[in-house]
$ cat work_9.csv   # CSV, C-alpha atoms
chain,number,residue,atom,x,y,z
A,21,MET,CA,87.1,83.6,-33.5
A,22,PRO,CA,89.2,81.5,-36.0
A,23,ASP,CA,89.3,82.6,-39.6
A,24,SER,CA,87.6,79.4,-40.7
A,25,ALA,CA,84.6,80.0,-38.4
A,26,LYS,CA,84.3,83.6,-39.5
A,27,ALA,CA,84.3,82.5,-43.2
A,28,LYS,CA,81.7,79.9,-42.4
A,29,GLN,CA,79.4,82.4,-40.6
A,30,LYS,CA,79.8,84.9,-43.5
A,31,ASN,CA,78.9,82.3,-46.1
A,32,CYS,CA,75.8,81.4,-44.0
A,33,VAL,CA,74.7,85.0,-43.8
A,34,ASP,CA,75.2,85.5,-47.5
A,35,GLU,CA,73.1,82.5,-48.3
A,36,TRP,CA,70.2,83.8,-46.1
A,37,ILE,CA,70.4,87.2,-47.8
A,38,GLU,CA,70.4,85.6,-51.2
A,39,LEU,CA,67.3,83.6,-50.2
A,40,ASP,CA,65.6,86.8,-49.0
A,41,ASN,CA,66.2,88.5,-52.3
A,42,MET,CA,64.4,85.7,-54.2
A,43,GLU,CA,60.9,86.2,-55.4
A,44,SER,CA,58.3,84.8,-53.1
A,45,ILE,CA,55.4,82.7,-54.4
A,46,LEU,CA,53.6,82.4,-51.0
A,47,TYR,CA,52.8,85.2,-48.6
A,48,CYS,CA,52.5,83.0,-45.5
A,49,CYS,CA,53.8,79.4,-44.9
A,50,ALA,CA,55.1,77.2,-42.1
A,51,GLY,CA,57.9,74.8,-41.7
A,52,LEU,CA,57.9,71.9,-39.3
A,53,ASP,CA,60.9,69.9,-38.1
A,54,ILE,CA,59.6,66.7,-36.6
A,55,HIS,CA,61.3,64.5,-34.0
A,56,LYS,CA,60.1,61.7,-31.8
A,57,ASP,CA,58.9,63.8,-28.9
A,58,ILE,CA,59.0,67.5,-30.1
A,59,ILE,CA,58.0,69.5,-33.2
A,60,GLU,CA,59.8,72.8,-33.9
A,61,ALA,CA,57.5,75.0,-36.0
A,62,CYS,CA,58.1,78.3,-37.7
A,63,ILE,CA,55.7,80.6,-39.7
A,64,VAL,CA,57.2,83.1,-42.0
A,65,ARG,CA,55.1,86.0,-43.4
A,66,GLY,CA,55.8,88.6,-46.0
A,67,ILE,CA,56.5,89.1,-49.8
A,68,THR,CA,59.5,91.4,-50.1
A,69,GLY,CA,62.6,91.8,-47.9
A,70,LYS,CA,63.3,89.8,-44.8
A,71,PRO,CA,60.1,87.9,-43.8
A,72,GLU,CA,58.6,88.0,-40.3
A,73,ALA,CA,59.3,84.8,-38.4
A,74,LYS,CA,57.0,83.4,-35.7
A,75,ARG,CA,58.3,80.3,-33.9
A,76,ASN,CA,56.8,77.8,-31.5
A,77,THR,CA,57.5,74.3,-30.0
A,78,PHE,CA,55.0,71.5,-29.6
A,79,GLY,CA,54.9,67.9,-28.4
A,80,THR,CA,53.9,64.9,-30.4
A,81,THR,CA,50.9,63.7,-28.3
A,82,GLN,CA,47.4,64.1,-29.8
A,83,LYS,CA,46.6,67.0,-27.5
A,84,GLU,CA,49.8,68.8,-28.6
A,85,LEU,CA,49.0,68.0,-32.3
A,86,GLN,CA,45.6,69.6,-31.8
A,87,ARG,CA,47.3,72.7,-30.4
A,88,LEU,CA,49.6,72.8,-33.4
A,89,VAL,CA,46.6,72.7,-35.8
A,90,GLU,CA,44.9,75.5,-33.8
A,91,TRP,CA,48.1,77.6,-33.9
A,92,LEU,CA,48.4,77.3,-37.7
A,93,SER,CA,44.7,78.1,-38.1
A,94,GLU,CA,44.8,81.1,-35.8
A,95,SER,CA,47.9,82.4,-37.6
A,96,GLY,CA,46.2,82.2,-41.0
A,97,CYS,CA,48.8,79.8,-42.3
A,98,TYR,CA,47.5,77.3,-44.8
A,99,SER,CA,50.7,76.2,-46.6
A,100,VAL,CA,52.8,73.7,-44.5
A,101,ALA,CA,56.0,71.8,-45.3
A,102,MET,CA,57.5,69.2,-42.9
A,103,GLU,CA,60.8,67.3,-42.8
A,104,SER,CA,61.1,64.1,-41.0
A,105,THR,CA,62.7,60.6,-41.3
A,106,GLY,CA,61.0,57.4,-40.3
A,107,VAL,CA,57.3,57.4,-39.4
A,108,TYR,CA,57.3,60.4,-37.1
A,109,TRP,CA,55.6,62.6,-39.8
A,110,LYS,CA,52.5,60.4,-40.2
A,111,PRO,CA,50.5,61.5,-37.1
A,112,VAL,CA,51.4,65.1,-37.7
A,113,PHE,CA,50.4,64.9,-41.4
A,114,GLU,CA,47.1,63.2,-40.5
A,115,ALA,CA,46.3,65.8,-37.8
A,116,ILE,CA,46.9,68.7,-40.2
A,117,GLU,CA,44.8,66.9,-42.9
A,118,VAL,CA,41.8,67.9,-40.7
A,119,MET,CA,42.3,71.4,-42.1
A,120,SER,CA,42.3,70.1,-45.7
A,121,GLU,CA,39.4,72.3,-46.7
A,122,TYR,CA,41.4,75.3,-45.7
A,123,LEU,CA,44.9,74.2,-46.6
A,124,GLU,CA,46.4,75.1,-49.9
A,125,ASN,CA,49.6,73.0,-49.6
A,126,ILE,CA,50.8,70.3,-47.2
A,127,TRP,CA,54.1,68.8,-48.2
A,128,VAL,CA,56.4,66.1,-46.8
A,129,VAL,CA,59.9,66.9,-48.1
A,130,ASN,CA,62.8,64.5,-48.4
A,131,PRO,CA,65.8,65.6,-46.2
A,132,GLN,CA,68.2,64.6,-49.0
A,133,HIS,CA,66.6,67.2,-51.3
A,134,MET,CA,67.0,70.0,-48.8
A,135,LYS,CA,70.3,70.4,-47.1
A,136,ASN,CA,70.8,72.8,-44.2
A,137,LEU,CA,73.2,75.7,-44.6
A,138,PRO,CA,76.5,75.6,-42.7
A,139,GLY,CA,76.1,76.7,-39.1
A,140,ARG,CA,72.3,76.3,-39.2
A,141,LYS,CA,72.0,73.0,-37.3
A,142,THR,CA,69.5,73.9,-34.5
A,143,ASP,CA,65.9,72.7,-34.7
A,144,VAL,CA,64.4,76.2,-34.7
A,145,LYS,CA,66.6,77.2,-37.6
A,146,ASP,CA,65.7,74.0,-39.5
A,147,ALA,CA,62.0,74.8,-39.2
A,148,GLU,CA,62.6,78.4,-40.3
A,149,TRP,CA,64.8,77.2,-43.2
A,150,ILE,CA,62.0,74.8,-44.4
A,151,ALA,CA,59.4,77.6,-44.3
A,152,ARG,CA,61.6,80.0,-46.2
A,153,MET,CA,62.5,77.4,-48.8
A,154,LEU,CA,58.8,76.7,-49.2
A,155,LYS,CA,58.1,80.4,-49.5
A,156,VAL,CA,60.3,80.8,-52.6
A,157,GLY,CA,59.3,77.5,-54.1
A,158,LEU,CA,62.6,75.6,-53.8
A,159,LEU,CA,61.2,72.4,-52.1
A,160,GLU,CA,60.4,69.1,-53.8
A,161,LYS,CA,57.2,67.5,-52.7
A,162,SER,CA,57.2,63.8,-51.7
A,163,PHE,CA,54.5,61.4,-52.8
A,164,VAL,CA,51.9,60.8,-50.0
A,165,PRO,CA,48.8,58.9,-51.1
A,166,GLU,CA,45.3,59.4,-49.7
A,167,ILE,CA,44.4,58.0,-46.3
A,168,ALA,CA,42.6,54.9,-47.7
A,169,ILE,CA,45.7,53.9,-49.7
A,170,ARG,CA,47.9,54.5,-46.6
A,171,ASP,CA,45.7,52.1,-44.6
A,172,LEU,CA,45.9,49.5,-47.3
A,173,ARG,CA,49.7,50.0,-47.4
A,174,GLU,CA,50.0,49.3,-43.7
A,175,CYS,CA,48.0,46.0,-44.1
A,176,VAL,CA,50.1,44.9,-47.1
A,177,ARG,CA,53.4,45.5,-45.3
A,178,LEU,CA,52.1,43.8,-42.2
A,179,HIS,CA,51.0,40.8,-44.3
A,180,ARG,CA,54.6,40.7,-45.7
A,181,ILE,CA,56.0,40.6,-42.2
A,182,PHE,CA,53.7,37.7,-41.2
A,183,VAL,CA,54.7,35.7,-44.3
A,184,GLN,CA,58.4,36.3,-43.6
A,185,GLU,CA,57.9,35.2,-40.0
A,186,GLN,CA,56.1,32.1,-41.1
A,187,SER,CA,58.9,31.3,-43.5
A,188,ARG,CA,61.5,31.6,-40.6
A,189,TYR,CA,59.5,29.0,-38.6
A,190,LYS,CA,59.2,26.7,-41.6
A,191,ASN,CA,63.0,26.8,-42.0
A,192,ARG,CA,63.3,26.1,-38.3
A,193,VAL,CA,61.1,23.0,-38.7
A,194,GLU,CA,63.2,21.8,-41.6
A,195,LYS,CA,66.4,22.1,-39.5
A,196,PHE,CA,64.7,20.3,-36.6
A,197,LEU,CA,63.8,17.4,-38.9
A,198,GLN,CA,67.3,17.2,-40.4
A,199,ALA,CA,68.9,17.4,-36.9
A,200,HIS,CA,66.8,14.4,-35.8
A,201,GLY,CA,67.4,12.2,-38.9
A,202,PHE,CA,64.1,12.8,-40.7
A,203,LYS,CA,65.0,13.4,-44.4
A,204,LEU,CA,61.5,14.5,-45.4
A,205,SER,CA,62.7,17.2,-47.7
A,206,SER,CA,64.7,14.6,-49.7
A,207,VAL,CA,61.6,12.9,-50.9
A,208,MET,CA,59.2,15.8,-51.0
A,209,LYS,CA,59.5,19.1,-52.9
A,210,ASP,CA,57.5,20.9,-50.3
A,211,ILE,CA,57.4,19.3,-46.8
A,212,PHE,CA,54.4,21.5,-45.9
A,213,CYS,CA,52.2,20.1,-48.6
A,214,VAL,CA,49.1,18.1,-47.5
A,215,SER,CA,51.0,14.8,-47.3
A,216,GLY,CA,54.0,16.3,-45.6
A,217,ARG,CA,52.0,18.1,-43.0
A,218,ALA,CA,50.0,15.0,-42.2
A,219,LEU,CA,53.2,13.1,-41.6
A,220,MET,CA,54.5,15.9,-39.3
A,221,ASP,CA,51.3,15.8,-37.4
A,222,LYS,CA,51.8,12.1,-36.7
A,223,LEU,CA,55.4,12.8,-35.6
A,224,ARG,CA,54.1,15.6,-33.3
A,225,ASP,CA,51.4,13.4,-31.7
A,226,ASN,CA,53.2,10.0,-31.5
A,227,GLY,CA,56.9,10.8,-31.7
A,228,ARG,CA,57.4,8.6,-34.7
A,229,ILE,CA,56.0,7.9,-38.2
A,230,THR,CA,54.9,4.4,-39.0
A,231,GLU,CA,54.7,2.6,-42.4
A,232,GLN,CA,50.9,2.7,-42.1
A,233,ASP,CA,51.0,6.5,-41.7
A,234,VAL,CA,53.0,6.7,-44.9
A,235,TYR,CA,50.6,4.5,-46.9
A,236,GLN,CA,47.6,6.4,-45.6
A,237,ASN,CA,48.9,9.9,-46.3
A,238,CYS,CA,51.3,9.7,-49.3
A,239,GLY,CA,49.3,8.5,-52.2
A,240,LYS,CA,50.3,11.0,-54.9
A,241,LEU,CA,54.0,11.7,-54.6
A,242,ARG,CA,56.8,11.0,-57.1
A,243,SER,CA,58.9,9.2,-54.5
A,244,SER,CA,58.1,5.6,-53.8
A,245,PHE,CA,56.7,4.4,-50.5
A,246,GLU,CA,60.0,2.6,-49.8
A,247,ASP,CA,62.0,5.8,-50.2
A,248,ILE,CA,59.6,7.8,-48.0
A,249,ILE,CA,59.6,5.1,-45.3
A,250,ALA,CA,63.4,5.1,-45.3
A,251,ALA,CA,63.5,8.9,-45.1
A,252,VAL,CA,61.2,9.2,-42.0
A,253,CYS,CA,62.5,6.2,-40.1
A,254,GLY,CA,63.3,7.5,-36.6
A,255,GLU,CA,61.9,8.6,-33.3
A,256,ILE,CA,62.0,11.7,-31.0
A,257,ASN,CA,61.7,11.8,-27.2
A,258,ASN,CA,59.1,13.7,-25.2
A,259,ALA,CA,61.1,16.9,-24.8
A,260,GLU,CA,61.8,17.0,-28.6
A,261,GLN,CA,58.1,16.2,-29.2
A,262,ARG,CA,57.0,19.2,-27.2
A,263,LEU,CA,59.4,21.5,-29.0
A,264,PHE,CA,58.2,20.2,-32.4
A,265,LYS,CA,54.6,20.9,-31.3
A,266,GLN,CA,55.5,24.5,-30.4
A,267,LEU,CA,57.1,25.0,-33.9
A,268,LEU,CA,54.1,23.7,-35.7
A,269,HIS,CA,51.8,25.8,-33.5
A,270,LYS,CA,53.8,28.9,-34.4
A,271,ILE,CA,53.3,28.1,-38.1
A,272,ASP,CA,49.6,27.6,-37.7
A,273,SER,CA,49.3,30.9,-35.7
A,274,CYS,CA,51.1,32.8,-38.4
A,275,GLN,CA,48.8,31.3,-41.1
A,276,GLU,CA,45.8,32.5,-39.1
A,277,ASP,CA,47.3,36.0,-39.0
A,278,ILE,CA,48.0,35.9,-42.7
A,279,ASP,CA,44.4,34.9,-43.5
A,280,SER,CA,43.0,37.6,-41.2
A,281,ILE,CA,45.1,40.4,-42.6
A,282,PHE,CA,44.4,39.3,-46.2
A,283,SER,CA,40.7,39.5,-45.5
A,284,ASP,CA,41.2,43.1,-44.3
A,285,MET,CA,43.1,43.8,-47.5
A,286,LEU,CA,40.3,42.5,-49.7
A,287,LEU,CA,37.9,44.8,-47.9
A,288,LEU,CA,40.1,47.8,-48.3
A,289,ILE,CA,40.7,47.1,-52.0
A,290,GLN,CA,37.0,47.1,-52.9
A,291,PRO,CA,36.9,50.8,-53.9
A,292,TYR,CA,39.9,50.1,-56.2
A,293,GLN,CA,38.8,46.7,-57.5
A,294,GLU,CA,38.8,47.8,-61.1
A,295,GLN,CA,42.4,48.9,-60.9
A,296,ALA,CA,43.4,45.7,-59.1
A,297,ASP,CA,41.8,43.6,-61.9
A,298,ILE,CA,43.8,45.6,-64.5
A,299,ILE,CA,47.1,44.8,-62.8
A,300,ASP,CA,46.0,41.3,-62.2
A,301,SER,CA,45.6,40.8,-66.0
A,302,ILE,CA,49.3,41.5,-66.6
A,303,PRO,CA,51.5,38.4,-66.8
A,304,GLY,CA,53.4,37.7,-63.6
A,305,PHE,CA,50.8,39.4,-61.3
A,306,ASP,CA,48.2,37.8,-59.1
A,307,MET,CA,45.6,39.6,-56.9
A,308,LEU,CA,48.0,39.7,-53.9
A,309,SER,CA,50.8,41.4,-55.9
A,310,ALA,CA,48.2,43.7,-57.6
A,311,ILE,CA,46.9,44.9,-54.2
A,312,ALA,CA,50.5,45.4,-53.0
A,313,ILE,CA,51.3,47.6,-56.1
A,314,ILE,CA,48.2,49.7,-55.6
A,315,SER,CA,49.1,50.2,-51.9
A,316,GLU,CA,52.5,51.7,-52.9
A,317,ILE,CA,51.8,53.7,-56.1
A,318,SER,CA,48.0,54.3,-55.5
A,319,ALA,CA,45.2,53.5,-57.8
A,320,ALA,CA,45.8,56.6,-60.0
A,321,PRO,CA,49.6,57.1,-60.3
A,322,GLN,CA,49.1,59.5,-63.2
A,323,GLU,CA,47.7,62.0,-60.7
A,324,HIS,CA,50.9,62.1,-58.7
A,325,PHE,CA,53.5,61.4,-61.4
A,326,SER,CA,53.5,63.3,-64.7
A,327,SER,CA,55.0,60.5,-66.6
A,328,SER,CA,55.9,56.8,-66.3
A,329,GLU,CA,59.6,57.7,-66.4
A,330,LYS,CA,59.2,59.7,-63.1
A,331,LEU,CA,57.3,56.8,-61.6
A,332,CYS,CA,60.0,54.4,-62.5
A,333,SER,CA,62.6,56.8,-61.1
A,334,TRP,CA,60.7,57.0,-57.8
A,335,ALA,CA,60.5,53.2,-57.7
A,336,GLY,CA,64.3,52.9,-58.3
A,337,VAL,CA,64.1,50.7,-61.4
A,338,ILE,CA,66.1,52.9,-63.8
A,339,PRO,CA,69.9,53.4,-64.0
A,340,ARG,CA,71.3,56.5,-62.4
A,341,ASN,CA,72.9,59.3,-64.5
A,342,ASP,CA,76.4,59.5,-63.1
A,343,GLU,CA,78.5,60.9,-65.9
A,344,SER,CA,81.4,63.4,-65.8
A,345,ALA,CA,83.7,64.6,-68.6
A,346,GLN,CA,82.1,62.1,-71.0
A,347,LYS,CA,83.0,59.3,-68.7
A,348,ILE,CA,80.3,57.1,-67.2
A,349,LYS,CA,81.1,56.5,-63.5
A,350,SER,CA,78.1,54.4,-62.5
A,351,ARG,CA,74.9,53.0,-63.9
A,352,LYS,CA,73.7,51.3,-60.8
A,353,ILE,CA,70.0,51.7,-60.1
A,354,MET,CA,68.8,54.2,-57.5
A,355,PRO,CA,67.5,53.0,-54.0
A,356,GLY,CA,63.9,54.1,-54.7
A,357,ASN,CA,61.0,52.4,-53.0
A,358,SER,CA,62.2,49.0,-51.9
A,359,TYR,CA,58.7,47.6,-51.5
A,360,VAL,CA,57.7,48.4,-55.0
A,361,LYS,CA,61.0,47.2,-56.4
A,362,SER,CA,60.8,43.8,-54.6
A,363,ILE,CA,57.2,43.2,-55.8
A,364,LEU,CA,58.1,44.2,-59.4
A,365,CYS,CA,61.2,41.9,-59.4
A,366,GLN,CA,59.1,38.9,-58.1
A,367,ALA,CA,56.5,39.6,-60.8
A,368,ALA,CA,59.2,40.0,-63.4
A,369,TRP,CA,60.6,36.6,-62.6
A,370,ALA,CA,57.1,35.1,-63.0
A,371,ALA,CA,56.4,37.0,-66.2
A,372,VAL,CA,59.5,35.8,-68.0
A,373,LYS,CA,58.4,32.2,-67.4
A,374,VAL,CA,55.1,32.8,-69.3
A,375,ARG,CA,55.7,31.4,-72.7
A,376,ASN,CA,54.8,33.4,-75.8
A,377,SER,CA,54.7,36.7,-73.8
A,378,PRO,CA,56.7,39.7,-74.9
A,379,PHE,CA,58.5,39.7,-71.5
A,380,HIS,CA,59.6,36.1,-72.0
A,381,ASP,CA,60.9,36.8,-75.4
A,382,TRP,CA,62.7,40.0,-74.4
A,383,PHE,CA,64.3,38.6,-71.3
A,384,TRP,CA,65.8,35.5,-72.9
A,385,SER,CA,67.1,37.5,-75.9
A,386,HIS,CA,68.8,40.1,-73.7
A,387,GLN,CA,69.9,38.2,-70.5
A,388,GLY,CA,73.0,36.9,-72.2
A,389,LYS,CA,74.3,40.4,-73.0
A,390,LEU,CA,73.1,42.3,-70.0
A,391,GLY,CA,73.2,39.6,-67.4
A,392,ARG,CA,70.2,38.1,-65.6
A,393,LYS,CA,70.0,40.7,-62.8
A,394,LYS,CA,70.1,43.7,-65.1
A,395,ALA,CA,67.7,42.0,-67.5
A,396,ILE,CA,65.2,41.3,-64.8
A,397,ILE,CA,65.4,45.0,-63.6
A,398,ALA,CA,64.6,46.0,-67.2
A,399,VAL,CA,61.6,43.7,-67.2
A,400,ALA,CA,60.5,45.2,-63.9
A,401,ARG,CA,60.7,48.7,-65.4
A,402,LYS,CA,58.6,47.5,-68.4
A,403,LEU,CA,56.0,46.1,-66.1
A,404,LEU,CA,55.7,49.4,-64.1
A,405,THR,CA,55.5,51.4,-67.3
A,406,LEU,CA,52.7,49.1,-68.5
A,407,ILE,CA,50.9,49.5,-65.2
A,408,TYR,CA,51.1,53.3,-65.5
A,409,ILE,CA,49.7,53.2,-69.0
A,410,LEU,CA,46.9,50.7,-68.3
A,411,LEU,CA,45.8,52.5,-65.1
A,412,ASP,CA,45.8,55.8,-67.0
A,413,THR,CA,43.6,54.4,-69.9
A,414,GLY,CA,41.5,52.0,-67.7
A,415,GLN,CA,42.0,49.0,-70.0
A,416,LEU,CA,42.9,45.4,-69.3
A,417,TYR,CA,46.1,44.0,-70.6
A,418,ARG,CA,45.9,42.4,-74.0
A,419,PRO,CA,49.0,40.5,-75.3
A,420,PRO,CA,50.2,41.9,-78.6
A,421,GLU,CA,49.5,39.7,-81.6
A,422,LYS,CA,52.6,38.1,-83.1
A,423,GLN,CA,53.3,39.0,-86.7
A,424,THR,CA,53.4,36.1,-89.0
A,425,LYS,CA,55.8,36.1,-92.0

$ encode --input "work_9.csv" --output "structure tokens"
Amino acid sequence: MPDSAKAKQKNCVDEWIELDNMESILYCCAGLDIHKDIIEACIVRGITGKPEAKRNTFGTTQKELQRLVEWLSESGCYSVAMESTGVYWKPVFEAIEVMSEYLENIWVVNPQHMKNLPGRKTDVKDAEWIARMLKVGLLEKSFVPEIAIRDLRECVRLHRIFVQEQSRYKNRVEKFLQAHGFKLSSVMKDIFCVSGRALMDKLRDNGRITEQDVYQNCGKLRSSFEDIIAAVCGEINNAEQRLFKQLLHKIDSCQEDIDSIFSDMLLLIQPYQEQADIIDSIPGFDMLSAIAIISEISAAPQEHFSSSEKLCSWAGVIPRNDESAQKIKSRKIMPGNSYVKSILCQAAWAAVKVRNSPFHDWFWSHQGKLGRKKAIIAVARKLLTLIYILLDTGQLYRPPEKQTK
């Protein structure tokens, strides 16, 4: 064996011995390494010395998950930690939640916070390593909300996908119109307003838009009738007409899906309506964004995060601390939760446009020095901190009174 391999193996053994010498805080615990089709499980038991390890392998079907739960119950193991990327951990977590009245701890751990030792790359060793790390209290628990919030989160993220899909088809319609000489976007700010959609329906049905169609459907637009008539002068053939009909049908179908999923979101948010109203009272937020925030951080973030700073760090709206030898290497924000970050940034852009609000005044007094992007991230952090405080106190937002000289 080469000297490098011997040194690597020796360091690995030393690390395991050092871990065995650490004080245990749990007598019996399990580690799960979850993949798409298999789950490697290991139960370690004991307080002092090298713990006893019991290993098993399971599938990921519902029948196999039930066998995993029974194996944990029969072994008297009620502290479980699992490592997984993607969504593979979700059915396993929900299956083990059935034992919630018996379980003391059930953790999903971030792989970035728990690195494997050199030479310990097999799945069985990963599961044992997770269990032994949990046993001595070296794991960091990831935030997993209750099942009702998780259901709401799936609806909100699906709603976002439907909206993005509809936007893609709307952009395709705009390209179609431009490609065939219809300059509707030049005379309308939104071609999918009531007047614009009425004209497109006429084009879909007749292959052309007449002057009478313009006079009947465009009564309250800034552009003159002459400009609109000149912009929509043209004609499409039967094949192009059928293609345009398919595009409009796709947009209508997406709108039906959006309305349906939003109705489901309103039903799921009813137990948390008070918290949604609190967020809705903050400048920049509406009911949709309030529901989206609750689906990501839960209705009671103070129960999962000990301070607003930790919540902001989890969301990724604070600068990283990358400093060495008194030199700052980077102050870029952390990745965090991309869904929360995007919602907060959208709300921040809306909040800074509300005149006489503290967010408006702060942004426009700092964006010159910080830059617009850094300033808007700072506003997003202020909004998330405010949400944390208001949800903790249960009070609606009240704008601060301006002091008069």

$ residues_around --input "work_9.csv" --residues "Phe163 in chain A" --least-positions-apart "3" --cutoff "9 Å" --atoms "all atoms listed in the file" --output "PyMOL selection string"
chain A and resi 127-128+317+324-325

$ residues_around --input "work_9.csv" --residues "Arg170 in chain A" --least-positions-apart "3" --cutoff "12 Å" --atoms "all atoms listed in the file" --output "list in words"
Lys110, Phe113, Glu114, Phe163, Val164, Pro165, Glu166, Ile167, Arg173, Glu174, Cys175, Val176, Arg177, Met285, Leu288, Ile289, Ala312, Ile314, Ser315, Glu316, Ile317, Ser318 and Ala319 of chain A

$ atom_distance --input "work_9.csv" --atom1 "CA of Leu364 in chain A" --atom2 "CA of Ile126 in chain A"
29.7 Å

$ residues_around --input "work_9.csv" --residues "range 361-363 of chain A" --least-positions-apart "5" --cutoff "7 Å" --atoms "only C-alpha atoms" --output "PyMOL selection string"
chain A and resi 309+335-337

$ atom_distance --input "work_9.csv" --atom1 "CA of Glu117 in chain A" --atom2 "CA of Ala310 in chain A"
27.7 Å

$ closest_residue --input "work_9.csv" --among "A:Tyr47, A:Trp149, A:Tyr417, A:Phe182" --to "Cys97 in chain A" --atoms "all atoms listed in the file"
A:Tyr47

$ residues_around --input "work_9.csv" --residues "Asn258 in chain A" --least-positions-apart "3" --cutoff "8 Å" --atoms "only C-alpha atoms" --output "PyMOL selection string"
chain A and resi 227+261-262

$ atom_distance --input "work_9.csv" --atom1 "CA of Tyr189 in chain A" --atom2 "CA of Leu268 in chain A"
8.1 Å

$ residues_near_point --input "work_9.csv" --point "(60.5, 12.2, -39.0)" --cutoff "7 Å" --atoms "all atoms listed in the file" --output "count of residues only"
11

$ closest_residue --input "work_9.csv" --among "A:Asp225, A:Glu246, A:Glu160, A:Asp284" --to "Lys265 in chain A" --atoms "all atoms listed in the file"
A:Asp225

$ residues_around --input "work_9.csv" --residues "Lys74 in chain A" --least-positions-apart "5" --cutoff "9 Å" --atoms "all atoms listed in the file" --output "ChimeraX atom specification"
/A:61-65,148

$ decode --input "work_9.csv" --residues "range 110-115 of chain A" --atoms "all heavy atoms" --output "short mmCIF file (atom, residue, chain, number, x, y, z; two decimals), in the first residue's frame"
data_model
loop_
_atom_site.label_atom_id
_atom_site.label_comp_id
_atom_site.auth_asym_id
_atom_site.auth_seq_id
_atom_site.Cartn_x
_atom_site.Cartn_y
_atom_site.Cartn_z
N LYS A 110 -38.30 13.62 1.59
CA LYS A 110 -39.66 13.98 2.00
C LYS A 110 -40.55 12.78 2.32
O LYS A 110 -41.18 12.75 3.38
CB LYS A 110 -40.31 14.86 0.93
CG LYS A 110 -39.68 16.24 0.83
CD LYS A 110 -40.44 17.12 -0.14
CE LYS A 110 -39.85 18.52 -0.18
NZ LYS A 110 -40.57 19.41 -1.12
N PRO A 111 -40.67 11.75 1.44
CA PRO A 111 -41.52 10.61 1.82
C PRO A 111 -41.00 9.85 3.03
O PRO A 111 -41.79 9.32 3.82
CB PRO A 111 -41.53 9.73 0.56
CG PRO A 111 -40.32 10.14 -0.20
CD PRO A 111 -40.11 11.59 0.09
N VAL A 112 -39.67 9.83 3.20
CA VAL A 112 -39.10 9.15 4.37
C VAL A 112 -39.44 9.92 5.63
O VAL A 112 -39.85 9.34 6.65
CB VAL A 112 -37.57 9.01 4.20
CG1 VAL A 112 -36.98 8.25 5.39
CG2 VAL A 112 -37.23 8.31 2.90
N PHE A 113 -39.30 11.23 5.58
CA PHE A 113 -39.61 12.07 6.73
C PHE A 113 -41.07 11.94 7.12
O PHE A 113 -41.41 11.80 8.30
CB PHE A 113 -39.28 13.53 6.38
CG PHE A 113 -39.38 14.48 7.55
CD1 PHE A 113 -38.27 14.77 8.32
CD2 PHE A 113 -40.59 15.07 7.88
CE1 PHE A 113 -38.35 15.65 9.39
CE2 PHE A 113 -40.69 15.95 8.94
CZ PHE A 113 -39.57 16.23 9.71
N GLU A 114 -41.97 11.95 6.13
CA GLU A 114 -43.40 11.85 6.43
C GLU A 114 -43.77 10.48 6.96
O GLU A 114 -44.66 10.36 7.81
CB GLU A 114 -44.20 12.17 5.16
CG GLU A 114 -44.08 13.63 4.72
CD GLU A 114 -44.80 13.91 3.43
OE1 GLU A 114 -45.39 12.96 2.87
OE2 GLU A 114 -44.80 15.08 2.98
N ALA A 115 -43.10 9.43 6.49
CA ALA A 115 -43.38 8.09 7.00
C ALA A 115 -42.94 7.96 8.45
O ALA A 115 -43.64 7.35 9.28
CB ALA A 115 -42.68 7.04 6.14
#
